[in-house]
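The next block holds one structure in the form of structure tokens; read it before the comments.
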Amino acid sequence: MRITRALAAAGLAAAFLIGAAHTPQAVAGELPGDTRFFNNPDSLVNKWVAANPGDSRQPRIASRIASQPQAAWFSRYSPGTVTEDVRKVTSAASAKGQTPVLVTYEIPNRDCGGASAGGAPDLASYDTWVRGFAAGLGSGPAVIILEPDSIALISCLSPTELSGRYASLARAATAIHSANPHARVYFDAGHSAWNSAAVQASRLRSAGVLTSGDGIYSNVSNFRRTADEVAFTKSVLAQLGTSSGLTAVIDTSRNGNGPAPDNAWCDPHGRKVGENPTANTGDPAIDAYLWVKPPGEVDGCAGPAGTFSPDYAYELAG
């Protein structure tokens, strides 16, 4: 949805004030290496495993995918229930002494009209939704993956819309930190075969990562090899400045075989799950390897985007 110039200007002013007043790096730091990430029993894969004990695919999917902690995506625009929806995840994680990974995916014009098109109707509505999301975070540690593709994929936005998006991302991160100072918010860095490190760093800077973020993430829903993503995110971090205090997390959920030969991104065959989620990466610049895109939840070619395909999960788990 188009936003007005007045709204964009107001958003930029708000982002400037937020940036001047908020320094999340004061409470930031590398995730402890012994961090245990939350495996949500209500995830689609866990529900499928529980409901299909006799399925021949079930043992492999259960042992290789359902056993691992994965991110919970908040991609349905439900402002009236988002706080409780988030609280259900964070309270369950807290009860187990685990750290949840949560993905916000509601920015207007998300995916530029692609298979995952949608989002909040406008930026004002998005701001309200994010405040509701933040209100459910509780006080325990949490990892927030802020709006996949929101900074790497901007081709559908006018300059005014882009300015509004950047300001809204900064406001979202600040709202999350205000609600829970122990939450770590990571901004979109795309992946190593998309934009250059210099271009991505420039966009991240415009989106307020230096004043509102704790780090960046790469490879969400993609297949680039971990070594390539480590090198790429370190290049982006270097562009942002060694004094920024920022770090990175990498999605390893489907990169075990690297990208498809033709670089297909939509449910390509022959892919495998990658490194298991861990905060013990051995690299101070890389906070964690995470399964942000739950393996088996498809991109939109093997089924409607976000639905669980046991066939695709079985292939990834092989």
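Residue numbers start at 1 in each chain; chains themselves are named A, B, ... in the order of the structure tokens; ligands are numbered from 1 in the order shown.
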
Can you pull out the residues contacting stretch 278-286 of chain A? Cut-off 9 Å, using only C-alpha atoms, and skip same-chain residues under 5 positions away; I want them as a ChimeraX atom specification.
/A:30-37,230,233-234,237,246-250

Written selection (N, CA and C atoms) as a PDB file, in the first residue's frame:
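What ended up in again_4.pdb:
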```
ATOM      1  N   GLU A  30      27.465 -11.208  22.742  1.00  0.00           N
ATOM      2  CA  GLU A  30      27.383 -12.513  22.100  1.00  0.00           C
ATOM      3  C   GLU A  30      26.452 -13.424  22.900  1.00  0.00           C
ATOM      4  N   LEU A  31      25.625 -14.170  22.202  1.00  0.00           N
ATOM      5  CA  LEU A  31      24.795 -15.153  22.883  1.00  0.00           C
ATOM      6  C   LEU A  31      25.701 -16.163  23.581  1.00  0.00           C
ATOM      7  N   PRO A  32      25.399 -16.539  24.812  1.00  0.00           N
ATOM      8  CA  PRO A  32      26.224 -17.551  25.472  1.00  0.00           C
ATOM      9  C   PRO A  32      26.292 -18.820  24.638  1.00  0.00           C
ATOM     10  N   GLY A  33      27.458 -19.431  24.579  1.00  0.00           N
ATOM     11  CA  GLY A  33      27.626 -20.623  23.762  1.00  0.00           C
ATOM     12  C   GLY A  33      26.757 -21.788  24.188  1.00  0.00           C
ATOM     13  N   ASP A  34      26.309 -21.778  25.457  1.00  0.00           N
ATOM     14  CA  ASP A  34      25.473 -22.869  25.938  1.00  0.00           C
ATOM     15  C   ASP A  34      23.976 -22.546  25.846  1.00  0.00           C
ATOM     16  N   THR A  35      23.631 -21.494  25.095  1.00  0.00           N
ATOM     17  CA  THR A  35      22.218 -21.152  24.910  1.00  0.00           C
ATOM     18  C   THR A  35      21.462 -22.345  24.332  1.00  0.00           C
ATOM     19  N   ARG A  36      20.334 -22.649  24.915  1.00  0.00           N
ATOM     20  CA  ARG A  36      19.465 -23.718  24.397  1.00  0.00           C
ATOM     21  C   ARG A  36      18.260 -23.057  23.736  1.00  0.00           C
ATOM     22  N   PHE A  37      18.107 -23.288  22.466  1.00  0.00           N
ATOM     23  CA  PHE A  37      17.001 -22.697  21.733  1.00  0.00           C
ATOM     24  C   PHE A  37      15.737 -23.545  21.887  1.00  0.00           C
ATOM     25  N   VAL A 230      29.205 -16.854   6.418  1.00  0.00           N
ATOM     26  CA  VAL A 230      30.093 -16.308   7.444  1.00  0.00           C
ATOM     27  C   VAL A 230      30.963 -15.222   6.843  1.00  0.00           C
ATOM     28  N   THR A 233      28.655 -12.097   5.924  1.00  0.00           N
ATOM     29  CA  THR A 233      28.186 -11.290   7.057  1.00  0.00           C
ATOM     30  C   THR A 233      29.346 -10.550   7.715  1.00  0.00           C
ATOM     31  N   LYS A 234      30.517 -11.162   7.747  1.00  0.00           N
ATOM     32  CA  LYS A 234      31.671 -10.449   8.296  1.00  0.00           C
ATOM     33  C   LYS A 234      32.038  -9.249   7.426  1.00  0.00           C
ATOM     34  N   LEU A 237      29.490  -6.597   8.295  1.00  0.00           N
ATOM     35  CA  LEU A 237      29.809  -6.027   9.608  1.00  0.00           C
ATOM     36  C   LEU A 237      31.003  -5.087   9.513  1.00  0.00           C
ATOM     37  N   LEU A 246      27.969  -4.943  16.567  1.00  0.00           N
ATOM     38  CA  LEU A 246      27.006  -5.834  15.945  1.00  0.00           C
ATOM     39  C   LEU A 246      27.619  -7.199  15.662  1.00  0.00           C
ATOM     40  N   THR A 247      26.765  -8.207  15.634  1.00  0.00           N
ATOM     41  CA  THR A 247      27.165  -9.576  15.317  1.00  0.00           C
ATOM     42  C   THR A 247      26.161 -10.145  14.316  1.00  0.00           C
ATOM     43  N   ALA A 248      26.280 -11.432  14.019  1.00  0.00           N
ATOM     44  CA  ALA A 248      25.419 -12.016  12.991  1.00  0.00           C
ATOM     45  C   ALA A 248      24.913 -13.389  13.405  1.00  0.00           C
ATOM     46  N   VAL A 249      23.774 -13.769  12.831  1.00  0.00           N
ATOM     47  CA  VAL A 249      23.276 -15.139  12.891  1.00  0.00           C
ATOM     48  C   VAL A 249      23.002 -15.588  11.460  1.00  0.00           C
ATOM     49  N   ILE A 250      23.091 -16.893  11.241  1.00  0.00           N
ATOM     50  CA  ILE A 250      22.967 -17.455   9.899  1.00  0.00           C
ATOM     51  C   ILE A 250      21.953 -18.580   9.914  1.00  0.00           C
TER      52      ILE A 250
END
```

Apply DSSP to the structure's backbone, then extract all residues of stretch 170-314 of chain A labelled strand (DSSP E) and return them as JSON, numbers by chain.
{"A": [183, 184, 185, 186, 187, 188, 215, 216, 217, 218, 247, 248, 249, 250, 251, 286, 287, 288, 289, 290]}

Since we have the selection now, will you write its residues out, keeping N, CA, C and O atoms, as a PDB file, in the first residue's frame?
```pdb
ATOM      1  N   ALA A 183      15.874  -9.026  24.722  1.00  0.00           N
ATOM      2  CA  ALA A 183      15.664  -9.497  23.355  1.00  0.00           C
ATOM      3  C   ALA A 183      16.782  -8.965  22.467  1.00  0.00           C
ATOM      4  O   ALA A 183      17.208  -7.814  22.600  1.00  0.00           O
ATOM      5  N   ARG A 184      17.266  -9.809  21.577  1.00  0.00           N
ATOM      6  CA  ARG A 184      18.259  -9.403  20.590  1.00  0.00           C
ATOM      7  C   ARG A 184      17.579  -9.342  19.227  1.00  0.00           C
ATOM      8  O   ARG A 184      16.957 -10.313  18.784  1.00  0.00           O
ATOM      9  N   VAL A 185      17.702  -8.193  18.570  1.00  0.00           N
ATOM     10  CA  VAL A 185      17.007  -7.952  17.302  1.00  0.00           C
ATOM     11  C   VAL A 185      18.029  -7.924  16.167  1.00  0.00           C
ATOM     12  O   VAL A 185      18.977  -7.130  16.192  1.00  0.00           O
ATOM     13  N   TYR A 186      17.798  -8.778  15.187  1.00  0.00           N
ATOM     14  CA  TYR A 186      18.690  -8.894  14.041  1.00  0.00           C
ATOM     15  C   TYR A 186      17.983  -8.389  12.784  1.00  0.00           C
ATOM     16  O   TYR A 186      16.825  -8.729  12.530  1.00  0.00           O
ATOM     17  N   PHE A 187      18.726  -7.595  11.995  1.00  0.00           N
ATOM     18  CA  PHE A 187      18.193  -6.977  10.775  1.00  0.00           C
ATOM     19  C   PHE A 187      18.623  -7.774   9.538  1.00  0.00           C
ATOM     20  O   PHE A 187      19.646  -8.446   9.524  1.00  0.00           O
ATOM     21  N   ASP A 188      17.870  -7.599   8.471  1.00  0.00           N
ATOM     22  CA  ASP A 188      18.013  -8.358   7.240  1.00  0.00           C
ATOM     23  C   ASP A 188      19.271  -7.992   6.448  1.00  0.00           C
ATOM     24  O   ASP A 188      19.432  -6.855   6.013  1.00  0.00           O
ATOM     25  N   GLY A 215      22.310  -6.886  15.683  1.00  0.00           N
ATOM     26  CA  GLY A 215      23.075  -7.637  14.713  1.00  0.00           C
ATOM     27  C   GLY A 215      22.324  -7.776  13.411  1.00  0.00           C
ATOM     28  O   GLY A 215      21.309  -7.104  13.173  1.00  0.00           O
ATOM     29  N   ILE A 216      22.835  -8.666  12.557  1.00  0.00           N
ATOM     30  CA  ILE A 216      22.253  -8.915  11.248  1.00  0.00           C
ATOM     31  C   ILE A 216      22.068 -10.419  11.070  1.00  0.00           C
ATOM     32  O   ILE A 216      22.660 -11.220  11.794  1.00  0.00           O
ATOM     33  N   TYR A 217      21.247 -10.787  10.100  1.00  0.00           N
ATOM     34  CA  TYR A 217      21.069 -12.205   9.768  1.00  0.00           C
ATOM     35  C   TYR A 217      21.186 -12.380   8.261  1.00  0.00           C
ATOM     36  O   TYR A 217      20.934 -11.460   7.483  1.00  0.00           O
ATOM     37  N   SER A 218      21.570 -13.596   7.864  1.00  0.00           N
ATOM     38  CA  SER A 218      21.658 -13.891   6.438  1.00  0.00           C
ATOM     39  C   SER A 218      21.138 -15.292   6.145  1.00  0.00           C
ATOM     40  O   SER A 218      21.047 -16.140   7.038  1.00  0.00           O
ATOM     41  N   THR A 247      26.765  -8.207  15.634  1.00  0.00           N
ATOM     42  CA  THR A 247      27.165  -9.576  15.317  1.00  0.00           C
ATOM     43  C   THR A 247      26.161 -10.145  14.316  1.00  0.00           C
ATOM     44  O   THR A 247      25.287  -9.426  13.827  1.00  0.00           O
ATOM     45  N   ALA A 248      26.280 -11.432  14.019  1.00  0.00           N
ATOM     46  CA  ALA A 248      25.419 -12.016  12.991  1.00  0.00           C
ATOM     47  C   ALA A 248      24.913 -13.389  13.405  1.00  0.00           C
ATOM     48  O   ALA A 248      25.534 -14.087  14.217  1.00  0.00           O
ATOM     49  N   VAL A 249      23.774 -13.769  12.831  1.00  0.00           N
ATOM     50  CA  VAL A 249      23.276 -15.139  12.891  1.00  0.00           C
ATOM     51  C   VAL A 249      23.002 -15.588  11.460  1.00  0.00           C
ATOM     52  O   VAL A 249      22.724 -14.775  10.578  1.00  0.00           O
ATOM     53  N   ILE A 250      23.091 -16.893  11.241  1.00  0.00           N
ATOM     54  CA  ILE A 250      22.967 -17.455   9.899  1.00  0.00           C
ATOM     55  C   ILE A 250      21.953 -18.580   9.914  1.00  0.00           C
ATOM     56  O   ILE A 250      21.970 -19.438  10.806  1.00  0.00           O
ATOM     57  N   ASP A 251      21.063 -18.571   8.924  1.00  0.00           N
ATOM     58  CA  ASP A 251      20.069 -19.634   8.763  1.00  0.00           C
ATOM     59  C   ASP A 251      20.728 -20.817   8.061  1.00  0.00           C
ATOM     60  O   ASP A 251      21.119 -20.720   6.892  1.00  0.00           O
ATOM     61  N   ILE A 286      29.864 -14.448  14.949  1.00  0.00           N
ATOM     62  CA  ILE A 286      28.675 -15.200  14.573  1.00  0.00           C
ATOM     63  C   ILE A 286      28.005 -15.713  15.845  1.00  0.00           C
ATOM     64  O   ILE A 286      28.491 -16.649  16.490  1.00  0.00           O
ATOM     65  N   ASP A 287      26.901 -15.109  16.198  1.00  0.00           N
ATOM     66  CA  ASP A 287      26.221 -15.479  17.435  1.00  0.00           C
ATOM     67  C   ASP A 287      25.655 -16.889  17.396  1.00  0.00           C
ATOM     68  O   ASP A 287      25.648 -17.585  18.409  1.00  0.00           O
ATOM     69  N   ALA A 288      25.112 -17.292  16.250  1.00  0.00           N
ATOM     70  CA  ALA A 288      24.441 -18.586  16.204  1.00  0.00           C
ATOM     71  C   ALA A 288      24.202 -19.027  14.774  1.00  0.00           C
ATOM     72  O   ALA A 288      24.111 -18.210  13.852  1.00  0.00           O
ATOM     73  N   TYR A 289      24.118 -20.340  14.618  1.00  0.00           N
ATOM     74  CA  TYR A 289      23.489 -20.937  13.454  1.00  0.00           C
ATOM     75  C   TYR A 289      22.074 -21.303  13.888  1.00  0.00           C
ATOM     76  O   TYR A 289      21.875 -21.935  14.941  1.00  0.00           O
ATOM     77  N   LEU A 290      21.094 -20.902  13.107  1.00  0.00           N
ATOM     78  CA  LEU A 290      19.693 -21.098  13.469  1.00  0.00           C
ATOM     79  C   LEU A 290      18.938 -21.753  12.329  1.00  0.00           C
ATOM     80  O   LEU A 290      19.310 -21.618  11.164  1.00  0.00           O
TER      81      LEU A 290
END
```

DSSP on the backbone: what in stretch 86-166 of chain A comes out alpha helix (DSSP H), as a PyMOL selection string?
chain A and resi 86-95+123-135+159-166

Go ahead and write the selection's residues with N, CA, C and O atoms as a short mmCIF file (atom, residue, chain, number, x, y, z; two decimals), in the first residue's frame.
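The result, written out as again-v8.cif:
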```
data_model
loop_
_atom_site.label_atom_id
_atom_site.label_comp_id
_atom_site.auth_asym_id
_atom_site.auth_seq_id
_atom_site.Cartn_x
_atom_site.Cartn_y
_atom_site.Cartn_z
N VAL A 86 2.28 -14.49 20.79
CA VAL A 86 3.70 -14.42 21.13
C VAL A 86 3.93 -14.93 22.54
O VAL A 86 4.87 -15.69 22.81
N ARG A 87 3.08 -14.51 23.46
CA ARG A 87 3.25 -14.91 24.86
C ARG A 87 3.18 -16.43 25.01
O ARG A 87 3.88 -17.01 25.86
N LYS A 88 2.38 -17.08 24.21
CA LYS A 88 2.28 -18.54 24.30
C LYS A 88 3.62 -19.19 24.02
O LYS A 88 4.02 -20.16 24.67
N VAL A 89 4.34 -18.65 23.04
CA VAL A 89 5.66 -19.20 22.69
C VAL A 89 6.70 -18.83 23.74
O VAL A 89 7.45 -19.69 24.23
N THR A 90 6.76 -17.56 24.10
CA THR A 90 7.81 -17.12 25.01
C THR A 90 7.64 -17.70 26.42
O THR A 90 8.62 -18.02 27.08
N SER A 91 6.41 -17.84 26.86
CA SER A 91 6.20 -18.40 28.20
C SER A 91 6.55 -19.88 28.23
O SER A 91 7.12 -20.37 29.21
N ALA A 92 6.24 -20.60 27.14
CA ALA A 92 6.61 -22.01 27.08
C ALA A 92 8.12 -22.18 27.03
O ALA A 92 8.68 -23.08 27.66
N ALA A 93 8.80 -21.30 26.30
CA ALA A 93 10.26 -21.36 26.25
C ALA A 93 10.86 -21.05 27.61
O ALA A 93 11.80 -21.72 28.07
N SER A 94 10.33 -20.03 28.27
CA SER A 94 10.83 -19.64 29.59
C SER A 94 10.67 -20.77 30.60
O SER A 94 11.56 -21.01 31.43
N ALA A 95 9.56 -21.48 30.52
CA ALA A 95 9.32 -22.58 31.45
C ALA A 95 10.35 -23.69 31.30
O ALA A 95 10.63 -24.43 32.26
N LEU A 123 1.92 1.22 7.18
CA LEU A 123 2.97 1.28 8.20
C LEU A 123 2.44 1.64 9.58
O LEU A 123 2.96 1.18 10.59
N ALA A 124 1.41 2.46 9.64
CA ALA A 124 0.82 2.78 10.94
C ALA A 124 0.25 1.52 11.59
O ALA A 124 0.42 1.28 12.79
N SER A 125 -0.42 0.71 10.77
CA SER A 125 -0.96 -0.56 11.28
C SER A 125 0.16 -1.50 11.69
O SER A 125 0.06 -2.22 12.69
N TYR A 126 1.24 -1.50 10.91
CA TYR A 126 2.39 -2.34 11.25
C TYR A 126 2.99 -1.92 12.58
O TYR A 126 3.32 -2.77 13.42
N ASP A 127 3.15 -0.63 12.79
CA ASP A 127 3.69 -0.15 14.05
C ASP A 127 2.85 -0.65 15.23
O ASP A 127 3.39 -1.07 16.26
N THR A 128 1.54 -0.58 15.09
CA THR A 128 0.65 -1.05 16.15
C THR A 128 0.82 -2.55 16.36
O THR A 128 0.88 -3.03 17.51
N TRP A 129 0.91 -3.29 15.26
CA TRP A 129 1.08 -4.74 15.35
C TRP A 129 2.38 -5.09 16.05
O TRP A 129 2.42 -5.99 16.91
N VAL A 130 3.47 -4.39 15.72
CA VAL A 130 4.76 -4.68 16.33
C VAL A 130 4.73 -4.39 17.83
O VAL A 130 5.31 -5.13 18.62
N ARG A 131 4.07 -3.32 18.21
CA ARG A 131 3.96 -3.04 19.65
C ARG A 131 3.21 -4.17 20.35
O ARG A 131 3.55 -4.57 21.47
N GLY A 132 2.19 -4.71 19.69
CA GLY A 132 1.48 -5.86 20.25
C GLY A 132 2.36 -7.08 20.32
O GLY A 132 2.34 -7.83 21.31
N PHE A 133 3.14 -7.30 19.27
CA PHE A 133 4.11 -8.40 19.27
C PHE A 133 5.08 -8.25 20.44
O PHE A 133 5.31 -9.20 21.21
N ALA A 134 5.63 -7.07 20.61
CA ALA A 134 6.61 -6.84 21.66
C ALA A 134 6.02 -7.06 23.05
O ALA A 134 6.71 -7.53 23.96
N ALA A 135 4.76 -6.74 23.21
CA ALA A 135 4.12 -6.88 24.52
C ALA A 135 4.03 -8.33 24.97
O ALA A 135 3.85 -8.58 26.17
N PRO A 159 10.93 5.69 -3.55
CA PRO A 159 11.81 6.29 -2.54
C PRO A 159 11.09 6.68 -1.26
O PRO A 159 11.61 6.50 -0.15
N THR A 160 9.87 7.19 -1.41
CA THR A 160 9.11 7.57 -0.21
C THR A 160 8.72 6.34 0.60
O THR A 160 8.83 6.33 1.84
N GLU A 161 8.28 5.30 -0.09
CA GLU A 161 7.93 4.06 0.62
C GLU A 161 9.15 3.45 1.30
O GLU A 161 9.05 2.94 2.43
N LEU A 162 10.28 3.51 0.64
CA LEU A 162 11.50 2.95 1.23
C LEU A 162 11.90 3.70 2.48
O LEU A 162 12.26 3.10 3.50
N SER A 163 11.85 5.02 2.44
CA SER A 163 12.15 5.81 3.64
C SER A 163 11.22 5.45 4.78
O SER A 163 11.64 5.32 5.94
N GLY A 164 9.94 5.27 4.45
CA GLY A 164 8.99 4.89 5.48
C GLY A 164 9.28 3.52 6.05
O GLY A 164 9.16 3.29 7.26
N ARG A 165 9.66 2.59 5.18
CA ARG A 165 9.99 1.24 5.67
C ARG A 165 11.20 1.28 6.60
O ARG A 165 11.17 0.67 7.68
N TYR A 166 12.26 1.96 6.19
CA TYR A 166 13.44 2.03 7.04
C TYR A 166 13.11 2.59 8.41
O TYR A 166 13.55 2.07 9.45
#
```

For A:Ser75, find every residue with an atom within 12 Å (counting only C-alpha atoms), except residues of its own chain fewer than 2 positions away, and show them as an NGL selection string.
:A and (72-73 or 77-79 or 82 or 85-86 or 102-108 or 110-111 or 116-120 or 126 or 129-130 or 133 or 146-148 or 305-306)

I'd like to know which of A:Gly303, A:Pro59, A:Gly114, A:Pro41 is closest to A:Gly318, using only C-alpha atoms.
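Using only C-alpha atoms, A:Gly318 sits closest to A:Pro59.
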
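Take the candidates A:Lys96, A:His269, A:Arg64, A:His177 and check each one against A:Val49 using only C-alpha atoms; the shortest distance goes to A:Arg64.
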
Between atom CA of A:Asn39 and atom CA of A:Ser67, what distance in Å does the model show, to one decimal?
7.5 Å

Just the number, please: distance in Å from atom CA of A:Asn109 to atom CA of A:Pro181, one decimal.
28.7 Å

Which of A:Ala167, A:Val199, A:Leu153, A:Val292 sits closest to A:Val101 [using only C-alpha atoms]
A:Val292

Using only C-alpha atoms, determine which residues lie at most 6 Å from stretch 308-317 of chain A, disregarding the query and same-chain residues fewer than 6 positions distant; provide the list as a CSV table (one decimal) with all heavy atoms, in the first residue's frame.
```csv
chain,number,residue,atom,x,y,z
A,61,ILE,N,11.8,-37.8,9.6
A,61,ILE,CA,11.4,-36.4,9.8
A,61,ILE,C,11.5,-36.1,11.3
A,61,ILE,O,12.0,-35.1,11.7
A,61,ILE,CB,10.0,-36.1,9.3
A,61,ILE,CG1,10.0,-36.2,7.7
A,61,ILE,CG2,9.5,-34.8,9.7
A,61,ILE,CD1,8.6,-36.1,7.1
A,64,ARG,N,15.4,-36.1,12.4
A,64,ARG,CA,16.3,-35.2,11.8
A,64,ARG,C,15.8,-33.8,11.8
A,64,ARG,O,16.6,-32.8,11.8
A,64,ARG,CB,16.6,-35.6,10.3
A,64,ARG,CG,17.7,-34.8,9.7
A,64,ARG,CD,19.1,-35.0,10.4
A,64,ARG,NE,20.1,-34.1,10.0
A,64,ARG,CZ,20.5,-33.0,10.6
A,64,ARG,NH1,19.8,-32.6,11.7
A,64,ARG,NH2,21.4,-32.2,10.2
A,271,ARG,N,18.1,-30.6,-2.0
A,271,ARG,CA,18.7,-29.8,-0.9
A,271,ARG,C,18.6,-30.7,0.4
A,271,ARG,O,17.8,-31.6,0.5
A,271,ARG,CB,17.9,-28.5,-0.7
A,271,ARG,CG,17.9,-27.6,-1.9
A,271,ARG,CD,19.2,-27.3,-2.5
A,271,ARG,NE,19.4,-28.2,-3.6
A,271,ARG,CZ,20.6,-28.6,-4.1
A,271,ARG,NH1,21.7,-28.2,-3.5
A,271,ARG,NH2,20.7,-29.4,-5.1
A,272,LYS,N,19.4,-30.3,1.4
A,272,LYS,CA,19.4,-31.0,2.7
A,272,LYS,C,19.5,-30.0,3.8
A,272,LYS,O,19.9,-28.8,3.6
A,272,LYS,CB,20.6,-31.9,2.8
A,272,LYS,CG,20.7,-33.0,1.7
A,272,LYS,CD,19.6,-33.9,1.7
A,272,LYS,CE,19.7,-34.9,0.5
A,272,LYS,NZ,18.5,-35.8,0.4
A,273,VAL,N,19.1,-30.4,5.0
A,273,VAL,CA,19.3,-29.6,6.2
A,273,VAL,C,20.7,-29.4,6.5
A,273,VAL,O,21.6,-30.2,6.1
A,273,VAL,CB,18.6,-30.2,7.4
A,273,VAL,CG1,17.1,-30.2,7.2
A,273,VAL,CG2,19.1,-31.6,7.7
A,295,PRO,N,12.5,-26.4,8.1
A,295,PRO,CA,12.6,-27.4,7.0
A,295,PRO,C,11.2,-28.1,6.8
A,295,PRO,O,10.7,-28.7,7.8
A,295,PRO,CB,13.7,-28.3,7.4
A,295,PRO,CG,14.5,-27.5,8.4
A,295,PRO,CD,13.5,-26.7,9.2
A,296,GLY,N,10.8,-28.1,5.6
A,296,GLY,CA,9.5,-28.7,5.3
A,296,GLY,C,8.4,-27.7,5.1
A,296,GLY,O,7.3,-28.1,4.5
A,297,GLU,N,8.5,-26.5,5.7
A,297,GLU,CA,7.5,-25.5,5.4
A,297,GLU,C,7.9,-24.8,4.1
A,297,GLU,O,9.0,-24.2,4.0
A,297,GLU,CB,7.5,-24.5,6.6
A,297,GLU,CG,6.9,-25.1,7.8
A,297,GLU,CD,6.7,-24.1,9.0
A,297,GLU,OE1,6.5,-22.9,8.7
A,297,GLU,OE2,6.7,-24.6,10.1
```

Quote the spacing between atom CA of A:Leu44 and atom CA of A:Pro277 in Å to one decimal place.
17.7 Å
